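K.L.:
Right, I'll just put the structure down here and ask away after.
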Amino acid sequence: MKLFLDTASVTDIRTMWDQGILDGVTTNPTLVAKEGRKFEDVIRDICAIGLPSVSAEVVGTTPEQMVAEGRHLRGLHKSVYVKCPMTPAGLKATKILAGEGTRVNMTLVFSANQAMLAAKVGAAYVSPFIGRLDDQGQNGLELVEDIVQIFRNYHFTTEVLVASVRHPVHVLEAAKIGADICTMPMDVMQKLVQHPLTDIGLARFLKDWEKVPKG
Ligand code: E4P
């Protein structure tokens with residue numbers, strides 16, 4: 001499963017990229033707003049790190065606006081995936097952009113039927129927001145299972161990008177289900193790396209190593 005960071009922080013992205021565990025980045029208007037910098041500058045800086053996939057979201061609400069923004073964003077860098085919201089306008093824009101060869105990440109997906117429609121119009125990624133469903137008392141991971149099953153049934157090539165991830169168990173379960181990608185905040189990715197028994201074990205090995213005769 002590919003691991004993406006869900007952030008617009010160039011510092012955090014660089015840290016995880018340097019560790020060799022990062023496959024891509026997703027941003028959204030909320031995450032970009034936290035950086036206090038111009039949108040295009042943030043996206044260009046993230047792409048310059050070398051990531052093969054960087055999602056940048058349109059904010060227009062009509063198909064025309066989304067297509068125009070999507071073309072502009074795609075022109076910023078070859079790694080850009082254009083994020084379009086799962087609305088009738090977003091579907092129309094996705095069909096046009098995908099037809100031109102732009103890779104679209106269809107975002108704000110909350111049902112399996114929405115995911116199927118995204119696949120039918122040629123989205124490269126479909127992003128179910130599982131944490132926000134959990135917040136509503138619905139099991140977000142069950143949605144991921146349904147989407148993976150439907151895409152397998154019909155051999156859709158659209159990749160399932162699990163989004164709105166809150167904790168490491170979301171990542172573990174998404175991997176067991178067979179989702180293609182999981183995007184997560186920095187703190188969740190750091191938790192994937194850490195384990196207290198690793199730290200305790202390493203401290204003991206280093207202490208014992210001091211007792212080994214040297215030279
Ligand atoms: C995905 O592309 C979104 O940016 C993100 O996962 C939303 O997560 P949130 O529900 O934590 O805002």
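Residue numbering restarts at 1 for every chain of the structure tokens, chains are lettered A, B, ... in their displayed order, and ligands are numbered from 1 as they appear.
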List all protein, DNA and RNA residues that have an atom no more than 6 Å from any atom of ligand 1, counting only C-alpha atoms and all ligand atoms, and report them as a VMD selection string.

P.N.:
chain A and resid 6 26 to 28 131 to 132 163 to 164

K.L.:
Per residue of stretch 2-101 of chain A within 7 Å of stretch 172-182 of chain A, note the shortest atom pair and the distance in Å to one decimal, counting only C-alpha atoms, and order the rows by chain and increasing residue number, as JSON lines.

P.N.:
```
{"residue": "A:Lys2", "atom": "CA", "partner": "A:Ile181", "partner_atom": "CA", "distance": 4.5}
{"residue": "A:Leu3", "atom": "CA", "partner": "A:Cys182", "partner_atom": "CA", "distance": 5.3}
{"residue": "A:Phe4", "atom": "CA", "partner": "A:Cys182", "partner_atom": "CA", "distance": 6.0}
```

K.L.:
Could you save those same residues with N, CA and C atoms as a CSV table (one decimal), in the first residue's frame?

P.N.:
```
chain,number,residue,atom,x,y,z
A,2,LYS,N,0.5,2.2,-0.9
A,2,LYS,CA,1.3,3.4,-0.9
A,2,LYS,C,0.9,4.3,0.3
A,3,LEU,N,1.9,5.0,0.9
A,3,LEU,CA,1.6,5.9,2.0
A,3,LEU,C,1.8,7.3,1.6
A,4,PHE,N,0.7,8.1,1.8
A,4,PHE,CA,0.8,9.5,1.5
A,4,PHE,C,0.7,10.3,2.8
```

K.L.:
Using only C-alpha atoms, find the one residue out of A:Gln19, A:Gln136, A:Asn105, A:Thr94 that sits nearest to A:Val80.

P.N.:
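Once distances to A:Val80 are computed over only C-alpha atoms, the minimum belongs to A:Asn105.
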
K.L.:
Calculate how many Å separate atom CA of A:Leu133 from atom CA of A:Glu69, rounding to one decimal.

P.N.:
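These atoms are spaced 28.4 Å apart.
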
K.L.:
Mind listing the alpha helix (DSSP H) residues of stretch 66-171 of chain A, per DSSP on the backbone, as a VMD selection string?

P.N.:
chain A and resid 66 to 76 88 to 99 112 to 120 130 to 135 140 to 154 168 to 171

K.L.:
For the selection you just gave me, I'd like the residues written to a file as a PDB file, in the first residue's frame, keeping C-alpha atoms.

P.N.:
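Dumped to result-v4.pdb:
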```
ATOM      1  CA  MET A  66     -13.021  23.311 -12.099  1.00  0.00           C
ATOM      2  CA  VAL A  67     -11.704  22.469 -15.568  1.00  0.00           C
ATOM      3  CA  ALA A  68      -9.929  25.839 -15.862  1.00  0.00           C
ATOM      4  CA  GLU A  69      -8.379  25.465 -12.394  1.00  0.00           C
ATOM      5  CA  GLY A  70      -7.510  21.848 -13.069  1.00  0.00           C
ATOM      6  CA  ARG A  71      -5.650  22.752 -16.260  1.00  0.00           C
ATOM      7  CA  HIS A  72      -3.781  25.492 -14.386  1.00  0.00           C
ATOM      8  CA  LEU A  73      -2.828  23.175 -11.497  1.00  0.00           C
ATOM      9  CA  ARG A  74      -1.723  20.402 -13.838  1.00  0.00           C
ATOM     10  CA  GLY A  75       0.547  22.915 -15.546  1.00  0.00           C
ATOM     11  CA  LEU A  76       2.364  23.678 -12.288  1.00  0.00           C
ATOM     12  CA  PRO A  88     -22.402  16.627 -10.302  1.00  0.00           C
ATOM     13  CA  ALA A  89     -20.140  19.486 -11.423  1.00  0.00           C
ATOM     14  CA  GLY A  90     -17.098  17.608 -10.121  1.00  0.00           C
ATOM     15  CA  LEU A  91     -18.048  14.493 -12.090  1.00  0.00           C
ATOM     16  CA  LYS A  92     -18.454  16.509 -15.286  1.00  0.00           C
ATOM     17  CA  ALA A  93     -15.124  18.284 -14.740  1.00  0.00           C
ATOM     18  CA  THR A  94     -13.403  14.986 -13.954  1.00  0.00           C
ATOM     19  CA  LYS A  95     -14.630  13.420 -17.187  1.00  0.00           C
ATOM     20  CA  ILE A  96     -13.257  16.361 -19.180  1.00  0.00           C
ATOM     21  CA  LEU A  97      -9.948  16.577 -17.305  1.00  0.00           C
ATOM     22  CA  ALA A  98      -9.383  12.812 -17.351  1.00  0.00           C
ATOM     23  CA  GLY A  99     -10.139  12.825 -21.078  1.00  0.00           C
ATOM     24  CA  ALA A 112     -19.719   3.357  -2.477  1.00  0.00           C
ATOM     25  CA  ASN A 113     -22.084   4.564  -5.194  1.00  0.00           C
ATOM     26  CA  GLN A 114     -20.233   7.892  -5.300  1.00  0.00           C
ATOM     27  CA  ALA A 115     -16.957   5.983  -5.632  1.00  0.00           C
ATOM     28  CA  MET A 116     -18.359   3.930  -8.514  1.00  0.00           C
ATOM     29  CA  LEU A 117     -19.421   7.110 -10.328  1.00  0.00           C
ATOM     30  CA  ALA A 118     -15.956   8.605  -9.827  1.00  0.00           C
ATOM     31  CA  ALA A 119     -14.430   5.488 -11.386  1.00  0.00           C
ATOM     32  CA  LYS A 120     -16.850   5.615 -14.313  1.00  0.00           C
ATOM     33  CA  ILE A 130     -13.298   7.410   6.714  1.00  0.00           C
ATOM     34  CA  GLY A 131     -12.637   9.469   9.875  1.00  0.00           C
ATOM     35  CA  ARG A 132     -15.472  11.859   9.116  1.00  0.00           C
ATOM     36  CA  LEU A 133     -17.813   8.879   8.673  1.00  0.00           C
ATOM     37  CA  ASP A 134     -16.629   7.400  11.987  1.00  0.00           C
ATOM     38  CA  ASP A 135     -17.373  10.785  13.583  1.00  0.00           C
ATOM     39  CA  GLY A 140     -15.648   4.305   7.492  1.00  0.00           C
ATOM     40  CA  LEU A 141     -13.619   1.139   6.947  1.00  0.00           C
ATOM     41  CA  GLU A 142     -16.748  -0.736   5.837  1.00  0.00           C
ATOM     42  CA  LEU A 143     -17.048   1.826   3.050  1.00  0.00           C
ATOM     43  CA  VAL A 144     -13.469   1.064   1.996  1.00  0.00           C
ATOM     44  CA  GLU A 145     -14.303  -2.667   1.899  1.00  0.00           C
ATOM     45  CA  ASP A 146     -17.325  -1.982  -0.308  1.00  0.00           C
ATOM     46  CA  ILE A 147     -15.373   0.216  -2.725  1.00  0.00           C
ATOM     47  CA  VAL A 148     -12.486  -2.251  -3.034  1.00  0.00           C
ATOM     48  CA  GLN A 149     -14.990  -5.046  -3.710  1.00  0.00           C
ATOM     49  CA  ILE A 150     -16.887  -3.058  -6.367  1.00  0.00           C
ATOM     50  CA  PHE A 151     -13.692  -1.964  -8.133  1.00  0.00           C
ATOM     51  CA  ARG A 152     -12.520  -5.588  -8.210  1.00  0.00           C
ATOM     52  CA  ASN A 153     -15.891  -6.784  -9.543  1.00  0.00           C
ATOM     53  CA  TYR A 154     -15.705  -4.442 -12.519  1.00  0.00           C
ATOM     54  CA  PRO A 168      -2.659   3.705  12.997  1.00  0.00           C
ATOM     55  CA  VAL A 169      -5.483   1.140  13.192  1.00  0.00           C
ATOM     56  CA  HIS A 170      -7.130   2.894  10.235  1.00  0.00           C
ATOM     57  CA  VAL A 171      -3.898   2.355   8.275  1.00  0.00           C
TER      58      VAL A 171
END
```

K.L.:
As a ChimeraX atom specification, please: the residues near A:Ser79 (cut-off 12 Å, only C-alpha atoms, same-chain neighbours under 4 positions excluded).

P.N.:
/A:23-26,43-56,73-75,102-104

K.L.:
Just to be explicit: take each residue in the selection above, keep N, CA and C atoms, and write the result as a PDB file, in the first residue's frame.

P.N.:
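Wrote it out as result_5.pdb, contents follow:
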```pdb
ATOM      1  N   ASP A  23       5.171   8.042  -0.429  1.00  0.00           N
ATOM      2  CA  ASP A  23       4.879   7.845  -1.853  1.00  0.00           C
ATOM      3  C   ASP A  23       4.158   9.027  -2.482  1.00  0.00           C
ATOM      4  N   GLY A  24       3.631   9.917  -1.661  1.00  0.00           N
ATOM      5  CA  GLY A  24       2.890  11.048  -2.214  1.00  0.00           C
ATOM      6  C   GLY A  24       2.317  11.931  -1.133  1.00  0.00           C
ATOM      7  N   VAL A  25       1.606  12.956  -1.563  1.00  0.00           N
ATOM      8  CA  VAL A  25       1.045  13.951  -0.645  1.00  0.00           C
ATOM      9  C   VAL A  25      -0.358  14.318  -1.109  1.00  0.00           C
ATOM     10  N   THR A  26      -1.241  14.523  -0.132  1.00  0.00           N
ATOM     11  CA  THR A  26      -2.548  15.119  -0.443  1.00  0.00           C
ATOM     12  C   THR A  26      -2.646  16.439   0.321  1.00  0.00           C
ATOM     13  N   ILE A  43       2.344  24.390  -3.552  1.00  0.00           N
ATOM     14  CA  ILE A  43       2.299  23.187  -4.410  1.00  0.00           C
ATOM     15  C   ILE A  43       3.628  23.013  -5.159  1.00  0.00           C
ATOM     16  N   ARG A  44       4.156  24.100  -5.682  1.00  0.00           N
ATOM     17  CA  ARG A  44       5.445  24.011  -6.403  1.00  0.00           C
ATOM     18  C   ARG A  44       6.552  23.514  -5.473  1.00  0.00           C
ATOM     19  N   ASP A  45       6.595  24.054  -4.242  1.00  0.00           N
ATOM     20  CA  ASP A  45       7.634  23.653  -3.288  1.00  0.00           C
ATOM     21  C   ASP A  45       7.507  22.177  -2.913  1.00  0.00           C
ATOM     22  N   ILE A  46       6.265  21.723  -2.745  1.00  0.00           N
ATOM     23  CA  ILE A  46       6.063  20.303  -2.401  1.00  0.00           C
ATOM     24  C   ILE A  46       6.525  19.425  -3.573  1.00  0.00           C
ATOM     25  N   CYS A  47       6.128  19.803  -4.782  1.00  0.00           N
ATOM     26  CA  CYS A  47       6.506  19.003  -5.956  1.00  0.00           C
ATOM     27  C   CYS A  47       8.028  18.970  -6.139  1.00  0.00           C
ATOM     28  N   ALA A  48       8.689  20.067  -5.806  1.00  0.00           N
ATOM     29  CA  ALA A  48      10.146  20.160  -6.001  1.00  0.00           C
ATOM     30  C   ALA A  48      10.905  19.156  -5.140  1.00  0.00           C
ATOM     31  N   ILE A  49      10.262  18.647  -4.086  1.00  0.00           N
ATOM     32  CA  ILE A  49      10.926  17.656  -3.221  1.00  0.00           C
ATOM     33  C   ILE A  49      11.180  16.361  -4.002  1.00  0.00           C
ATOM     34  N   GLY A  50      10.295  16.095  -4.984  1.00  0.00           N
ATOM     35  CA  GLY A  50      10.526  14.914  -5.829  1.00  0.00           C
ATOM     36  C   GLY A  50       9.446  13.854  -5.749  1.00  0.00           C
ATOM     37  N   LEU A  51       8.374  14.167  -5.046  1.00  0.00           N
ATOM     38  CA  LEU A  51       7.285  13.187  -4.904  1.00  0.00           C
ATOM     39  C   LEU A  51       6.583  12.937  -6.242  1.00  0.00           C
ATOM     40  N   PRO A  52       6.200  11.694  -6.511  1.00  0.00           N
ATOM     41  CA  PRO A  52       5.540  11.400  -7.787  1.00  0.00           C
ATOM     42  C   PRO A  52       4.061  11.776  -7.819  1.00  0.00           C
ATOM     43  N   SER A  53       3.454  12.023  -6.668  1.00  0.00           N
ATOM     44  CA  SER A  53       2.010  12.316  -6.630  1.00  0.00           C
ATOM     45  C   SER A  53       1.706  13.388  -5.589  1.00  0.00           C
ATOM     46  N   VAL A  54       1.185  14.517  -6.043  1.00  0.00           N
ATOM     47  CA  VAL A  54       0.840  15.626  -5.140  1.00  0.00           C
ATOM     48  C   VAL A  54      -0.565  16.108  -5.513  1.00  0.00           C
ATOM     49  N   SER A  55      -1.518  15.908  -4.622  1.00  0.00           N
ATOM     50  CA  SER A  55      -2.895  16.311  -4.918  1.00  0.00           C
ATOM     51  C   SER A  55      -3.136  17.766  -4.531  1.00  0.00           C
ATOM     52  N   ALA A  56      -3.680  18.526  -5.489  1.00  0.00           N
ATOM     53  CA  ALA A  56      -3.998  19.941  -5.272  1.00  0.00           C
ATOM     54  C   ALA A  56      -5.458  20.144  -5.657  1.00  0.00           C
ATOM     55  N   LEU A  73      -3.568  23.928 -12.514  1.00  0.00           N
ATOM     56  CA  LEU A  73      -2.828  23.175 -11.497  1.00  0.00           C
ATOM     57  C   LEU A  73      -1.949  22.101 -12.136  1.00  0.00           C
ATOM     58  N   ARG A  74      -2.500  21.433 -13.136  1.00  0.00           N
ATOM     59  CA  ARG A  74      -1.723  20.402 -13.838  1.00  0.00           C
ATOM     60  C   ARG A  74      -0.470  21.004 -14.469  1.00  0.00           C
ATOM     61  N   GLY A  75      -0.587  22.246 -14.920  1.00  0.00           N
ATOM     62  CA  GLY A  75       0.547  22.915 -15.546  1.00  0.00           C
ATOM     63  C   GLY A  75       1.646  23.309 -14.575  1.00  0.00           C
ATOM     64  N   THR A 102      -5.367  14.417 -17.627  1.00  0.00           N
ATOM     65  CA  THR A 102      -5.077  14.886 -16.266  1.00  0.00           C
ATOM     66  C   THR A 102      -5.532  13.831 -15.273  1.00  0.00           C
ATOM     67  N   ARG A 103      -4.685  13.576 -14.278  1.00  0.00           N
ATOM     68  CA  ARG A 103      -5.050  12.595 -13.255  1.00  0.00           C
ATOM     69  C   ARG A 103      -5.864  13.304 -12.175  1.00  0.00           C
ATOM     70  N   VAL A 104      -7.068  12.792 -11.944  1.00  0.00           N
ATOM     71  CA  VAL A 104      -7.976  13.444 -10.986  1.00  0.00           C
ATOM     72  C   VAL A 104      -8.150  12.571  -9.746  1.00  0.00           C
TER      73      VAL A 104
END
```

K.L.:
Write down as an MDAnalysis selection string the residues belonging to stretch 124-214 of chain A that are assigned strand (DSSP E or B) by DSSP computed on the backbone.

P.N.:
chainID A and resid 125:129 159:163 181:184

K.L.:
For the residues selected in the previous step, produce a file with N, CA and C atoms as a PDB file, in the first residue's frame.

P.N.:
```pdb
ATOM      1  N   TYR A 125      -7.852   8.528  -8.758  1.00  0.00           N
ATOM      2  CA  TYR A 125      -8.020   8.147  -7.343  1.00  0.00           C
ATOM      3  C   TYR A 125      -9.441   8.475  -6.911  1.00  0.00           C
ATOM      4  N   VAL A 126      -9.928   7.683  -5.972  1.00  0.00           N
ATOM      5  CA  VAL A 126     -11.174   8.035  -5.292  1.00  0.00           C
ATOM      6  C   VAL A 126     -10.845   8.071  -3.795  1.00  0.00           C
ATOM      7  N   SER A 127     -11.298   9.151  -3.138  1.00  0.00           N
ATOM      8  CA  SER A 127     -10.904   9.358  -1.732  1.00  0.00           C
ATOM      9  C   SER A 127     -12.083   9.268  -0.765  1.00  0.00           C
ATOM     10  N   PRO A 128     -12.341   8.077  -0.200  1.00  0.00           N
ATOM     11  CA  PRO A 128     -13.326   7.971   0.870  1.00  0.00           C
ATOM     12  C   PRO A 128     -12.763   8.567   2.165  1.00  0.00           C
ATOM     13  N   PHE A 129     -13.561   9.418   2.812  1.00  0.00           N
ATOM     14  CA  PHE A 129     -13.139  10.095   4.056  1.00  0.00           C
ATOM     15  C   PHE A 129     -13.616   9.275   5.253  1.00  0.00           C
ATOM     16  N   GLU A 159      -7.673   4.008  -8.330  1.00  0.00           N
ATOM     17  CA  GLU A 159      -7.084   3.554  -7.075  1.00  0.00           C
ATOM     18  C   GLU A 159      -7.877   4.097  -5.884  1.00  0.00           C
ATOM     19  N   VAL A 160      -8.001   3.254  -4.869  1.00  0.00           N
ATOM     20  CA  VAL A 160      -8.726   3.644  -3.653  1.00  0.00           C
ATOM     21  C   VAL A 160      -7.750   4.295  -2.680  1.00  0.00           C
ATOM     22  N   LEU A 161      -7.974   5.580  -2.435  1.00  0.00           N
ATOM     23  CA  LEU A 161      -7.098   6.381  -1.568  1.00  0.00           C
ATOM     24  C   LEU A 161      -7.853   6.653  -0.269  1.00  0.00           C
ATOM     25  N   VAL A 162      -7.488   5.951   0.780  1.00  0.00           N
ATOM     26  CA  VAL A 162      -8.200   6.099   2.053  1.00  0.00           C
ATOM     27  C   VAL A 162      -7.770   7.408   2.714  1.00  0.00           C
ATOM     28  N   ALA A 163      -8.755   8.278   2.975  1.00  0.00           N
ATOM     29  CA  ALA A 163      -8.462   9.620   3.501  1.00  0.00           C
ATOM     30  C   ALA A 163      -9.207   9.848   4.816  1.00  0.00           C
ATOM     31  N   ILE A 181      -3.939   3.084  -1.472  1.00  0.00           N
ATOM     32  CA  ILE A 181      -3.201   4.203  -0.877  1.00  0.00           C
ATOM     33  C   ILE A 181      -3.877   4.593   0.430  1.00  0.00           C
ATOM     34  N   CYS A 182      -3.068   5.049   1.385  1.00  0.00           N
ATOM     35  CA  CYS A 182      -3.635   5.613   2.605  1.00  0.00           C
ATOM     36  C   CYS A 182      -2.943   6.951   2.840  1.00  0.00           C
ATOM     37  N   THR A 183      -3.723   8.024   3.006  1.00  0.00           N
ATOM     38  CA  THR A 183      -3.112   9.322   3.305  1.00  0.00           C
ATOM     39  C   THR A 183      -3.411   9.676   4.745  1.00  0.00           C
ATOM     40  N   MET A 184      -2.401  10.200   5.435  1.00  0.00           N
ATOM     41  CA  MET A 184      -2.551  10.397   6.882  1.00  0.00           C
ATOM     42  C   MET A 184      -1.798  11.633   7.353  1.00  0.00           C
TER      43      MET A 184
END
```

K.L.:
Find the residues around A:Thr107 up to 6 Å (only C-alpha atoms counted), leave out those fewer than 2 positions away in its own chain, and share them as a VMD selection string.

P.N.:
chain A and resid 84 to 86 109 127

K.L.:
Output the selection as an mmCIF file, in the first residue's frame - C-alpha atoms for each residue.

P.N.:
```cif
data_model
loop_
_atom_site.group_PDB
_atom_site.id
_atom_site.type_symbol
_atom_site.label_atom_id
_atom_site.label_comp_id
_atom_site.auth_asym_id
_atom_site.auth_seq_id
_atom_site.Cartn_x
_atom_site.Cartn_y
_atom_site.Cartn_z
ATOM 1 C CA CYS A 84 -12.271 17.600 -7.681
ATOM 2 C CA PRO A 85 -15.157 17.304 -5.209
ATOM 3 C CA MET A 86 -17.735 14.538 -5.581
ATOM 4 C CA VAL A 109 -16.476 10.593 -1.155
ATOM 5 C CA SER A 127 -10.904 9.358 -1.732
#
```

K.L.:
Given the choices A:Thr7, A:Glu35, A:Phe110, A:Val212, which gets closest to A:Asn139 if the distance is worked out from only C-alpha atoms?

P.N.:
A:Phe110

K.L.:
For a test of reading the model, state the distance in Å between atom CA of A:Val121 and atom CA of A:His77, rounded to one decimal.

P.N.:
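Computing it gives 23.1 Å between the two atoms.
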
K.L.:
Counting only C-alpha atoms, figure out which residue out of A:Ala203, A:Met106, A:Val193, A:Met186 gets nearest to A:Arg14.

P.N.:
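Result for the nearest residue to A:Arg14: A:Met186.
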
K.L.:
I'd like the interatomic distance between atom CA of A:Gly101 and atom CA of A:Lys38, to a tenth of an Å.

P.N.:
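That distance, rounded to one decimal, is 26.1 Å.
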